[in-house]
Structure formats: C-alpha cells, structure tokens
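The file input.pdb contains PDB, C-alpha atoms and all ligand atoms:
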```
MODEL        1
ATOM      1  CA  MET A   1     -10.453 -29.871  -8.515
ATOM      2  CA  THR A   2      -9.015 -29.065  -5.089
ATOM      3  CA  PRO A   3      -9.687 -25.513  -3.889
ATOM      4  CA  PRO A   4      -6.614 -23.237  -3.778
ATOM      5  CA  LYS A   5      -4.738 -23.016  -0.492
ATOM      6  CA  CYS A   6      -3.790 -19.853   1.401
ATOM      7  CA  THR A   7      -0.089 -19.127   0.828
ATOM      8  CA  LEU A   8       0.523 -18.502   4.522
ATOM      9  CA  CYS A   9      -1.699 -21.315   5.805
ATOM     10  CA  LYS A  10       0.585 -23.698   3.886
ATOM     11  CA  THR A  11       3.598 -22.659   5.965
ATOM     12  CA  GLN A  12       1.696 -22.460   9.253
ATOM     13  CA  GLN A  13      -0.233 -25.720   9.012
ATOM     14  CA  THR A  14      -3.616 -24.042   9.195
ATOM     15  CA  ASN A  15      -6.363 -24.447   6.654
ATOM     16  CA  PHE A  16      -8.705 -21.505   6.204
ATOM     17  CA  PRO A  17     -10.553 -20.851   2.947
ATOM     18  CA  VAL A  18      -8.857 -18.432   0.524
ATOM     19  CA  LYS A  19     -10.686 -15.082   0.469
ATOM     20  CA  VAL A  20      -8.271 -12.824  -1.409
ATOM     21  CA  TYR A  21      -5.934 -13.063  -4.382
ATOM     22  CA  LEU A  22      -3.305 -10.314  -4.499
ATOM     23  CA  SER A  23      -2.035 -10.567  -8.055
ATOM     24  CA  SER A  24       0.693  -7.909  -7.552
ATOM     25  CA  TYR A  25       2.437 -10.195  -5.051
ATOM     26  CA  ASN A  26       1.063 -13.517  -6.277
ATOM     27  CA  LEU A  27      -0.443 -14.212  -2.835
ATOM     28  CA  LYS A  28      -3.606 -16.177  -2.115
ATOM     29  CA  LEU A  29      -4.746 -15.422   1.410
ATOM     30  CA  CYS A  30      -7.422 -16.393   3.895
ATOM     31  CA  GLN A  31      -9.097 -13.595   5.866
ATOM     32  CA  LYS A  32      -6.901 -14.041   8.938
ATOM     33  CA  HIS A  33      -3.676 -13.999   6.964
ATOM     34  CA  PHE A  34      -4.779 -11.094   4.784
ATOM     35  CA  ILE A  35      -5.342  -8.986   7.918
ATOM     36  CA  GLU A  36      -1.932 -10.036   9.258
ATOM     37  CA  TRP A  37      -0.257  -9.285   5.917
ATOM     38  CA  PHE A  38      -1.966  -5.876   5.686
ATOM     39  CA  GLU A  39      -1.159  -4.756   9.229
ATOM     40  CA  ASN A  40       2.402  -5.953   8.925
ATOM     41  CA  ARG A  41       2.852  -4.085   5.650
ATOM     42  CA  VAL A  42       1.607  -0.807   7.144
ATOM     43  CA  ALA A  43       3.726  -1.311  10.282
ATOM     44  CA  THR A  44       6.787  -1.901   8.082
ATOM     45  CA  THR A  45       6.041   1.240   6.038
ATOM     46  CA  ILE A  46       5.803   3.289   9.244
ATOM     47  CA  GLU A  47       9.215   2.005  10.372
ATOM     48  CA  LYS A  48      10.919   2.099   6.989
ATOM     49  CA  TYR A  49      10.118   5.779   6.449
ATOM     50  CA  ARG A  50      10.436   6.665  10.156
ATOM     51  CA  MET A  51       6.933   8.101  10.234
ATOM     52  CA  PHE A  52       6.385   8.016  13.987
ATOM     53  CA  THR A  53       7.009   6.013  17.144
ATOM     54  CA  PRO A  54       4.766   5.036  20.080
ATOM     55  CA  HIS A  55       5.915   8.285  21.766
ATOM     56  CA  ASP A  56       4.286  10.449  19.095
ATOM     57  CA  LYS A  57       0.880  12.035  19.439
ATOM     58  CA  ILE A  58      -0.731  11.372  16.049
ATOM     59  CA  LEU A  59      -3.651  13.229  14.477
ATOM     60  CA  VAL A  60      -5.420  11.210  11.771
ATOM     61  CA  ALA A  61      -7.348  13.230   9.180
ATOM     62  CA  VAL A  62     -10.589  11.256   8.882
ATOM     63  CA  SER A  63     -12.906  11.888   5.939
ATOM     64  CA  GLY A  64     -15.401   9.079   6.507
ATOM     65  CA  GLY A  65     -14.000   7.135   3.530
ATOM     66  CA  LYS A  66     -12.453   3.660   3.706
ATOM     67  CA  ASP A  67      -8.791   4.671   3.696
ATOM     68  CA  SER A  68      -8.773   7.138   6.568
ATOM     69  CA  LEU A  69     -11.179   5.099   8.726
ATOM     70  CA  GLY A  70      -9.194   1.897   8.132
ATOM     71  CA  LEU A  71      -5.967   3.719   8.933
ATOM     72  CA  TRP A  72      -7.286   5.109  12.219
ATOM     73  CA  PHE A  73      -8.643   1.687  13.225
ATOM     74  CA  LEU A  74      -5.335   0.028  12.377
ATOM     75  CA  LEU A  75      -3.184   2.581  14.223
ATOM     76  CA  SER A  76      -5.269   2.123  17.348
ATOM     77  CA  ARG A  77      -4.948  -1.683  16.983
ATOM     78  CA  LEU A  78      -1.185  -1.323  16.704
ATOM     79  CA  GLY A  79      -1.263   0.613  19.978
ATOM     80  CA  TYR A  80      -0.375   4.053  18.668
ATOM     81  CA  HIS A  81      -1.603   7.210  20.333
ATOM     82  CA  ALA A  82      -3.836   8.256  17.421
ATOM     83  CA  GLU A  83      -6.783  10.639  17.588
ATOM     84  CA  GLY A  84      -9.082  11.751  14.781
ATOM     85  CA  LEU A  85      -9.946  15.018  13.069
ATOM     86  CA  TYR A  86     -13.082  15.331  10.991
ATOM     87  CA  ILE A  87     -13.778  18.501   9.014
ATOM     88  CA  ASP A  88     -17.493  18.913   8.320
ATOM     89  CA  LEU A  89     -17.685  20.745   4.993
ATOM     90  CA  GLY A  90     -21.429  21.334   5.276
ATOM     91  CA  ILE A  91     -22.252  19.543   2.020
ATOM     92  CA  PRO A  92     -25.881  18.341   2.295
ATOM     93  CA  GLU A  93     -26.208  14.594   2.998
ATOM     94  CA  TYR A  94     -22.606  13.804   2.064
ATOM     95  CA  SER A  95     -21.150  15.576   5.118
ATOM     96  CA  SER A  96     -23.680  14.391   7.690
ATOM     97  CA  GLN A  97     -23.294  10.769   6.532
ATOM     98  CA  SER A  98     -19.508  10.779   6.494
ATOM     99  CA  ARG A  99     -19.472  12.539   9.890
ATOM    100  CA  THR A 100     -21.634   9.757  11.358
ATOM    101  CA  TYR A 101     -19.208   7.097  10.074
ATOM    102  CA  ALA A 102     -16.287   8.954  11.637
ATOM    103  CA  GLN A 103     -18.118   9.339  14.961
ATOM    104  CA  ASN A 104     -19.187   5.678  14.991
ATOM    105  CA  LEU A 105     -15.608   4.527  14.577
ATOM    106  CA  ALA A 106     -14.432   6.937  17.297
ATOM    107  CA  SER A 107     -16.810   5.349  19.790
ATOM    108  CA  ARG A 108     -15.934   1.828  18.632
ATOM    109  CA  ILE A 109     -12.200   2.338  19.221
ATOM    110  CA  GLN A 110     -12.801   4.757  22.109
ATOM    111  CA  ARG A 111     -10.576   7.512  20.806
ATOM    112  CA  PRO A 112     -11.364  11.236  20.729
ATOM    113  CA  LEU A 113     -12.518  12.817  17.463
ATOM    114  CA  HIS A 114     -12.090  16.557  16.897
ATOM    115  CA  VAL A 115     -14.802  17.979  14.673
ATOM    116  CA  VAL A 116     -14.397  21.266  12.820
ATOM    117  CA  ASP A 117     -17.748  22.556  11.650
ATOM    118  CA  LEU A 118     -16.903  24.678   8.650
ATOM    119  CA  ALA A 119     -20.374  26.275   8.512
ATOM    120  CA  SER A 120     -19.942  27.777  11.994
ATOM    121  CA  GLU A 121     -16.191  28.495  11.615
ATOM    122  CA  LEU A 122     -16.501  30.266   8.287
ATOM    123  CA  ALA A 123     -19.201  29.069   5.889
ATOM    124  CA  SER A 124     -20.114  25.751   4.258
ATOM    125  CA  ILE A 125     -18.493  24.669   0.997
ATOM    126  CA  PRO A 126     -21.722  25.274  -0.984
ATOM    127  CA  GLU A 127     -21.784  28.861   0.388
ATOM    128  CA  LEU A 128     -18.052  29.406  -0.038
ATOM    129  CA  ARG A 129     -18.201  28.422  -3.680
ATOM    130  CA  GLN A 130     -20.017  31.685  -4.332
ATOM    131  CA  TRP A 131     -17.189  33.671  -2.781
ATOM    132  CA  SER A 132     -14.196  32.087  -4.392
ATOM    133  CA  ARG A 133     -13.153  31.664  -7.985
ATOM    134  CA  LYS A 134     -11.210  28.540  -7.087
ATOM    135  CA  PRO A 135     -12.710  25.163  -8.058
ATOM    136  CA  ALA A 136     -14.480  23.499  -5.094
ATOM    137  CA  CYS A 137     -11.756  20.835  -4.740
ATOM    138  CA  SER A 138      -8.883  23.253  -4.472
ATOM    139  CA  LEU A 139     -10.852  25.485  -2.089
ATOM    140  CA  CYS A 140     -11.620  22.425   0.015
ATOM    141  CA  GLY A 141      -7.936  21.396  -0.041
ATOM    142  CA  THR A 142      -6.863  24.852   1.177
ATOM    143  CA  LEU A 143      -9.382  24.776   4.034
ATOM    144  CA  LYS A 144      -8.539  21.204   5.056
ATOM    145  CA  ARG A 145      -4.798  21.966   5.171
ATOM    146  CA  TYR A 146      -5.474  25.102   7.197
ATOM    147  CA  TYR A 147      -7.617  23.415   9.868
ATOM    148  CA  MET A 148      -5.527  20.221  10.026
ATOM    149  CA  ASN A 149      -2.413  22.226  10.722
ATOM    150  CA  ARG A 150      -4.145  24.543  13.152
ATOM    151  CA  ILE A 151      -5.912  21.840  15.226
ATOM    152  CA  ALA A 152      -2.740  19.768  15.290
ATOM    153  CA  ARG A 153      -0.628  22.639  16.575
ATOM    154  CA  GLU A 154      -3.213  23.905  19.096
ATOM    155  CA  ASN A 155      -3.477  20.426  20.608
ATOM    156  CA  ALA A 156       0.236  19.601  20.535
ATOM    157  CA  TYR A 157       0.115  16.691  18.090
ATOM    158  CA  THR A 158       3.517  15.792  16.717
ATOM    159  CA  VAL A 159       2.481  14.233  13.439
ATOM    160  CA  LEU A 160      -0.420  14.361  10.987
ATOM    161  CA  ALA A 161      -1.432  11.129   9.196
ATOM    162  CA  THR A 162      -3.583  10.996   6.058
ATOM    163  CA  GLY A 163      -5.151   8.016   4.276
ATOM    164  CA  HIS A 164      -3.580   8.464   0.807
ATOM    165  CA  ASN A 165      -3.202   5.013  -0.718
ATOM    166  CA  LEU A 166      -0.965   3.555  -3.426
ATOM    167  CA  ASP A 167      -3.485   4.287  -6.189
ATOM    168  CA  ASP A 168      -3.660   7.957  -5.117
ATOM    169  CA  GLU A 169       0.113   8.270  -4.977
ATOM    170  CA  VAL A 170       0.693   6.511  -8.292
ATOM    171  CA  ALA A 171      -1.918   8.673 -10.064
ATOM    172  CA  VAL A 172      -0.209  11.827  -8.738
ATOM    173  CA  LEU A 173       3.251  10.498  -9.630
ATOM    174  CA  TRP A 174       2.098   9.605 -13.133
ATOM    175  CA  ASN A 175       0.658  13.068 -13.631
ATOM    176  CA  ASN A 176       3.806  14.750 -12.270
ATOM    177  CA  VAL A 177       6.018  12.700 -14.580
ATOM    178  CA  MET A 178       3.792  13.328 -17.589
ATOM    179  CA  HIS A 179       4.127  17.086 -17.012
ATOM    180  CA  TRP A 180       7.595  16.997 -15.436
ATOM    181  CA  ASN A 181       6.375  18.973 -12.451
ATOM    182  CA  MET A 182       9.804  18.990 -10.841
ATOM    183  CA  GLU A 183       8.725  20.940  -7.779
ATOM    184  CA  TYR A 184       5.895  18.494  -7.040
ATOM    185  CA  LEU A 185       8.096  15.483  -7.775
ATOM    186  CA  ALA A 186      10.630  16.769  -5.257
ATOM    187  CA  LYS A 187       7.904  16.999  -2.620
ATOM    188  CA  GLN A 188       6.207  13.670  -3.330
ATOM    189  CA  TYR A 189       7.307  11.425  -0.502
ATOM    190  CA  PRO A 190       5.546   9.354   2.209
ATOM    191  CA  VAL A 191       6.944  11.702   4.863
ATOM    192  CA  LEU A 192       7.109  15.476   4.799
ATOM    193  CA  PRO A 193       9.256  16.686   7.690
ATOM    194  CA  ALA A 194       8.033  19.392  10.029
ATOM    195  CA  GLU A 195       8.946  22.752   8.563
ATOM    196  CA  GLY A 196       8.648  25.855  10.725
ATOM    197  CA  PRO A 197       4.994  26.154  11.691
ATOM    198  CA  PHE A 198       4.019  23.169   9.510
ATOM    199  CA  LEU A 199       3.590  19.808  11.138
ATOM    200  CA  LYS A 200       5.253  16.571  10.033
ATOM    201  CA  LYS A 201       2.935  14.789   7.565
ATOM    202  CA  VAL A 202       2.871  11.071   6.811
ATOM    203  CA  LYS A 203       1.056   8.623   4.508
ATOM    204  CA  PRO A 204       1.188   5.172   6.126
ATOM    205  CA  LEU A 205      -1.020   3.573   3.414
ATOM    206  CA  CYS A 206       1.218   4.642   0.522
ATOM    207  CA  ARG A 207       2.086   0.994  -0.246
ATOM    208  CA  ILE A 208      -1.505  -0.261   0.111
ATOM    209  CA  SER A 209      -3.780  -0.379  -2.936
ATOM    210  CA  GLU A 210      -7.358   0.832  -3.004
ATOM    211  CA  LYS A 211      -8.607  -2.733  -3.275
ATOM    212  CA  GLU A 212      -6.526  -3.921  -0.318
ATOM    213  CA  SER A 213      -7.756  -0.974   1.737
ATOM    214  CA  ALA A 214     -11.397  -1.754   0.878
ATOM    215  CA  LEU A 215     -10.938  -5.421   1.881
ATOM    216  CA  TYR A 216      -9.400  -4.449   5.206
ATOM    217  CA  THR A 217     -12.390  -2.285   6.197
ATOM    218  CA  LEU A 218     -14.764  -4.974   4.930
ATOM    219  CA  PHE A 219     -13.136  -7.722   7.021
ATOM    220  CA  HIS A 220     -13.272  -5.477  10.090
ATOM    221  CA  ASN A 221     -16.884  -4.441   9.469
ATOM    222  CA  ILE A 222     -16.111  -0.737   9.283
ATOM    223  CA  PRO A 223     -18.892   1.074   7.388
ATOM    224  CA  TYR A 224     -17.720   4.044   5.308
ATOM    225  CA  ILE A 225     -19.065   6.601   2.830
ATOM    226  CA  LYS A 226     -18.960   5.190  -0.690
ATOM    227  CA  PRO A 227     -20.011   7.963  -3.076
ATOM    228  CA  GLU A 228     -17.410  10.526  -4.139
ATOM    229  CA  CYS A 229     -17.916  14.051  -2.894
ATOM    230  CA  PRO A 230     -20.656  15.601  -5.099
ATOM    231  CA  TYR A 231     -18.347  18.520  -5.954
ATOM    232  CA  SER A 232     -15.474  16.284  -6.895
ATOM    233  CA  THR A 233     -14.032  17.252 -10.252
ATOM    234  CA  HIS A 234     -10.953  15.034 -10.311
ATOM    235  CA  ALA A 235     -11.629  14.141 -13.933
ATOM    236  CA  SER A 236      -7.962  13.925 -14.922
ATOM    237  CA  SER A 237      -7.007  12.007 -11.782
ATOM    238  CA  LEU A 238      -9.797   9.470 -12.415
ATOM    239  CA  GLU A 239      -8.652   9.147 -16.011
ATOM    240  CA  ASN A 240      -5.070   8.512 -14.858
ATOM    241  CA  LYS A 241      -6.292   5.901 -12.404
ATOM    242  CA  ARG A 242      -8.167   4.128 -15.176
ATOM    243  CA  ILE A 243      -5.104   3.986 -17.433
ATOM    244  CA  LEU A 244      -2.899   2.755 -14.598
ATOM    245  CA  GLN A 245      -5.458   0.098 -13.672
ATOM    246  CA  GLN A 246      -5.300  -1.186 -17.253
ATOM    247  CA  LEU A 247      -1.508  -1.439 -17.074
ATOM    248  CA  GLU A 248      -1.816  -3.204 -13.717
ATOM    249  CA  GLU A 249      -4.246  -5.765 -15.108
ATOM    250  CA  GLU A 250      -1.986  -6.537 -18.033
ATOM    251  CA  LYS A 251       1.078  -6.748 -15.848
ATOM    252  CA  PRO A 252       0.302  -7.220 -12.134
ATOM    253  CA  GLY A 253       2.665  -5.324  -9.846
ATOM    254  CA  THR A 254       3.148  -2.389 -12.246
ATOM    255  CA  LYS A 255       1.855   0.224  -9.790
ATOM    256  CA  ILE A 256       3.869  -0.823  -6.776
ATOM    257  CA  THR A 257       7.029  -1.230  -8.883
ATOM    258  CA  PHE A 258       6.570   2.205 -10.457
ATOM    259  CA  TYR A 259       5.986   3.886  -7.086
ATOM    260  CA  THR A 260       8.643   2.184  -4.979
ATOM    261  CA  GLY A 261      11.115   2.528  -7.866
ATOM    262  CA  PHE A 262      10.510   6.274  -7.827
ATOM    263  CA  LEU A 263      11.037   6.476  -4.043
ATOM    264  CA  LYS A 264      14.258   4.482  -4.276
ATOM    265  CA  ASN A 265      15.839   5.812  -7.472
ATOM    266  CA  LEU A 266      14.616   9.274  -8.390
ATOM    267  CA  SER A 267      13.291  10.828  -5.189
ATOM    268  CA  PRO A 268      16.690  10.955  -3.379
ATOM    269  CA  LEU A 269      18.139  12.949  -6.300
ATOM    270  CA  LEU A 270      15.340  15.508  -6.200
ATOM    271  CA  ARG A 271      14.865  16.090  -2.497
ATOM    272  CA  HIS A 272      17.173  19.055  -1.969
ATOM    273  CA  PRO A 273      16.006  21.262   0.882
ATOM    274  CA  GLU A 274      15.809  24.342  -1.352
ATOM    275  CA  ARG A 275      13.458  22.471  -3.691
ATOM    276  CA  ILE A 276      11.036  21.281  -1.024
ATOM    277  CA  SER A 277      10.739  24.362   1.125
ATOM    278  CA  SER A 278       8.817  27.416   0.002
ATOM    279  CA  PRO A 279       9.223  30.890   1.487
ATOM    280  CA  LEU A 280       6.740  31.155   4.340
ATOM    281  CA  THR A 281       5.576  33.883   6.643
ATOM    282  CA  LEU A 282       2.838  33.937   9.240
ATOM    283  CA  CYS A 283      -0.593  35.375   8.475
ATOM    284  CA  ILE A 284      -0.890  38.809  10.147
ATOM    285  CA  VAL A 285      -4.489  38.034  11.144
ATOM    286  CA  CYS A 286      -4.518  34.452  12.460
ATOM    287  CA  GLY A 287      -0.814  33.540  12.736
ATOM    288  CA  GLU A 288      -1.062  30.449  10.521
ATOM    289  CA  PRO A 289       1.655  29.822   7.910
ATOM    290  CA  THR A 290       1.094  31.424   4.522
ATOM    291  CA  THR A 291       2.967  32.691   1.464
ATOM    292  CA  THR A 292       1.011  35.960   1.398
ATOM    293  CA  GLU A 293       0.561  38.622   4.069
ATOM    294  CA  VAL A 294      -3.002  37.517   4.894
ATOM    295  CA  CYS A 295      -3.695  33.796   4.456
ATOM    296  CA  ALA A 296      -6.275  32.469   1.976
ATOM    297  CA  VAL A 297      -8.721  31.500   4.738
ATOM    298  CA  CYS A 298      -8.598  34.925   6.413
ATOM    299  CA  GLN A 299      -9.061  36.575   3.025
ATOM    300  CA  LEU A 300     -12.233  34.545   2.522
ATOM    301  CA  LYS A 301     -13.406  35.418   6.033
ATOM    302  CA  GLN A 302     -12.862  39.122   5.366
ATOM    303  CA  LYS A 303     -14.834  38.939   2.114
ATOM    304  CA  ILE A 304     -17.769  37.215   3.806
ATOM    305  CA  GLN A 305     -17.793  39.428   6.903
ATOM    306  CA  GLY A 306     -17.291  42.567   4.837
ATOM    307  CA  ASP A 307     -21.075  42.724   4.391
ATOM    308  CA  ASN A 308     -20.598  42.262   0.675
ATOM    309  CA  HIS A 309     -22.716  40.247  -1.642
ATOM    310  CA  PRO A 310     -21.133  37.274  -3.360
ATOM    311  CA  PRO A 311     -19.606  38.282  -6.686
ATOM    312  CA  SER A 312     -22.079  37.487  -9.420
TER     313      SER A 312
HETATM  314 ZN    ZN B 401      -4.221 -18.463   5.758
HETATM  315 ZN    ZN B 402      -5.000  33.772   8.460
ENDMDL
END
```

Take the structure in this file and express it as structure tokens.
Amino acid sequence: MTPPKCTLCKTQQTNFPVKVYLSSYNLKLCQKHFIEWFENRVATTIEKYRMFTPHDKILVAVSGGKDSLGLWFLLSRLGYHAEGLYIDLGIPEYSSQSRTYAQNLASRIQRPLHVVDLASELASIPELRQWSRKPACSLCGTLKRYYMNRIARENAYTVLATGHNLDDEVAVLWNNVMHWNMEYLAKQYPVLPAEGPFLKKVKPLCRISEKESALYTLFHNIPYIKPECPYSTHASSLENKRILQQLEEEKPGTKITFYTGFLKNLSPLLRHPERISSPLTLCIVCGEPTTTEVCAVCQLKQKIQGDNHPPS
C-alpha cells in the first residue's frame, strides 16, 4: 500500500511525509504544510474580524498553557507588536511551573513579559479563597480581568489577545444555547470592541481546535504546562466538551460548522449595543471600571487589610 500523500504537497510538487489528518477539513498534511495552514488560518481570522493591524500594540494574556504560548509565538512570527502578560496566582507548583514556561518563551522570541505577582499585589489564590465566597475559578477570572485591563491601559496597549480556542468557544456557545443565556449570546464574539475604560479584546484562535493548537506548539518545540489548574472546577464545561467531541467524531466538522454558523447567522441579530454594554462606573478607590461603587478587587483588599480574620 502506498503511504498517503500530503494534500498540499500534491499541488506543490513536494513530497514530505504526512504528519496530521484534519478530519474536519478532510486534509492530510505534512509538518511544513500544517504550520503554513495553521498560521494562514489565524492570519485570516485576524483580518476577517478586524482584530488588529501591525500598528496596534498588542498585549497577549499568557497562562503558560499551549494556546496562549502558541498564540504569542505565532503573533511574533507574523511580525506583530505583541508583548506578554503573565499573572502569577501563587498556586504552589502550578504557578511557578507555568511562569517558567512563559518566561522561557519570552526570552526565545525576545519580547517583554509583564508579570503580576498576585501574592505581593493582594494575596495568593489559596489565601484569597478564605476571604471570598466565590468559587476559585470565578475569583480568578475577576482578578485576571482586573489586572489585564489595568496593565494594558497603564502601558498604552491598544488590544488584548487571549488564547481561547474553538473547543472553548463551542463549549460556551453550547452552554449558552442550552440555557438561552441571551445576554451572553449577544456578547459571544471573537472581538469585543473597546468600551469606555475597557480595552478591545480579541480571540485569534477562535477557529483553531484544541488538537490543532497542541500540534502547533509541538511542531515548534514550545513546552507548556499540561495539568489543569488544581482549583479548576469546570465540571460542566468539561462535560460539554466531551459531548461535543462525540458529535465531532461521528460527524467531523460539527464544531466549526456550529460555531461559524452562529457567528454568521445568529450573532448579527443579537449584537445590539444596548445588549452588549452594561452600565459602568469607575471604582472610587482605584479608578478601574466596575458596576459597583468599589470594585470587587478593592473590596477584597479592604477585607484583607482591615486586620480581620478570614470568615470561618
Ligand atoms: Zn506537504
Ligand atoms: Zn478598585
């Protein structure tokens, strides 16, 4: 039996061994052509949704995982002005390891990495858990949003890029449809425009699957943190991902069709300005955007500095 040929090698008269089969697109690709396909797909997504241009100053939120590290590497390869932000949550082992991966990539691509050390700014996530009734993940989300927005504004970045991939977006979309969360559906889009004190936010990997993202970092030898955060409690999101993966295996292309169909057909009907903007004021303590008088982060700070003991 003759080995399969790379779909793109066939048209370009090259002959490299097939390394990847992308069933959603029925493409068999060698390593070189997979990298080309991947980078071209992200570049097209950036243009299609007008995420940014070479004139923008981009801040990439880097967690130490495959998606955000691969994204930062790719943006620097494409010649964009992209710098990194790593937020050290102070979770034993997990944070120090993921921080090292982020720092290693920064020196490899010779781009600056901002590091926010949560333990010295406020308190580590393990400590903060004692002070807040919120689940660790939602607490962490609040803090990440706060520092991403703040660092971006203080350093005059024009756009904030995150590594959310197709699987993440589809799992969220699925959940929002299942519960008809109209407000969330209206906001789910690869680009959120700048709104008052909030920076423009973009998801350049929204049309890239988890598997494709993992292959890209593998082919470029980018080490990343593999375990999930030890506090992660995304049980329902993992369950949704499992169901969607089953549908994908039975009918390849289901995820990308579902997601891009939503962006094309339903999203334009939902995205009225009054639906996607929420009433905002500025925190009277730190000046960051908030929906309450004192923002959630300053409230936490006041609790901790108030010489109180954690609620038992
Ligand atoms: Zn090829
Ligand atoms: Zn505040």

Chain and number of each residue from the PyMOL selection byres (((chain A and resi 122-138) around 12) and not hetatm), as a PyMOL selection string: chain A and resi 87-92+94-95+116-121+139-145+147+228-235+296-306+308-312

At most 6 Å from ligand ZN 401 (chain B) (only C-alpha atoms and all ligand atoms): residue list as a ChimeraX atom specification: /A:6,8-9,16,29-30,33

Hits from the PyMOL selection byres (((chain A and resi 287) around 12) and not hetatm), listed as a PyMOL selection string: chain A and resi 146+149-150+153-154+197-198+280-286+288-295+297-298

The selected residues should be written to file as a JSON list (two decimals), keeping the file's coordinate frame (atoms: C-alpha atoms).
```json
[["chain", "number", "residue", "atom", "x", "y", "z"],
["A", 146, "TYR", "CA", -5.47, 25.10, 7.20],
["A", 149, "ASN", "CA", -2.41, 22.23, 10.72],
["A", 150, "ARG", "CA", -4.14, 24.54, 13.15],
["A", 153, "ARG", "CA", -0.63, 22.64, 16.58],
["A", 154, "GLU", "CA", -3.21, 23.90, 19.10],
["A", 197, "PRO", "CA", 4.99, 26.15, 11.69],
["A", 198, "PHE", "CA", 4.02, 23.17, 9.51],
["A", 280, "LEU", "CA", 6.74, 31.16, 4.34],
["A", 281, "THR", "CA", 5.58, 33.88, 6.64],
["A", 282, "LEU", "CA", 2.84, 33.94, 9.24],
["A", 283, "CYS", "CA", -0.59, 35.38, 8.48],
["A", 284, "ILE", "CA", -0.89, 38.81, 10.15],
["A", 285, "VAL", "CA", -4.49, 38.03, 11.14],
["A", 286, "CYS", "CA", -4.52, 34.45, 12.46],
["A", 288, "GLU", "CA", -1.06, 30.45, 10.52],
["A", 289, "PRO", "CA", 1.66, 29.82, 7.91],
["A", 290, "THR", "CA", 1.09, 31.42, 4.52],
["A", 291, "THR", "CA", 2.97, 32.69, 1.46],
["A", 292, "THR", "CA", 1.01, 35.96, 1.40],
["A", 293, "GLU", "CA", 0.56, 38.62, 4.07],
["A", 294, "VAL", "CA", -3.00, 37.52, 4.89],
["A", 295, "CYS", "CA", -3.70, 33.80, 4.46],
["A", 297, "VAL", "CA", -8.72, 31.50, 4.74],
["A", 298, "CYS", "CA", -8.60, 34.92, 6.41]]
```

Residue members of the PyMOL selection byres (((chain A and resi 112) around 9) and not hetatm) in the file shown, as a PyMOL selection string: chain A and resi 82-85+106-107+110-111+113-114

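Residue neighbourhood of Tyr157 (chain A), excluding near-sequence residues (fewer than 2 positions): Asp56, Lys57, Ile58, Leu59, His81, Ala82, Glu83, Asn149, Ile151, Ala152, Arg153, Glu154, Asn155, Val159, Leu160, Leu199 and Lys200 of chain A, at 10 Å, using all atoms listed in the file.
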
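Nearest residue to Ala194 (chain A) among A:Thr44, A:Thr158, A:Ser213, A:Asn181 is A:Thr158, counting only C-alpha atoms.
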
Between CA of Leu218 (chain A) and CA of Ser98 (chain A) - distance in Å to one decimal: 16.5 Å

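Compared by their closest atoms to Glu36 (chain A), and using only C-alpha atoms, the residues A:Arg77, A:Lys251, A:His55, A:Lys211 rank with A:Arg77 nearest.
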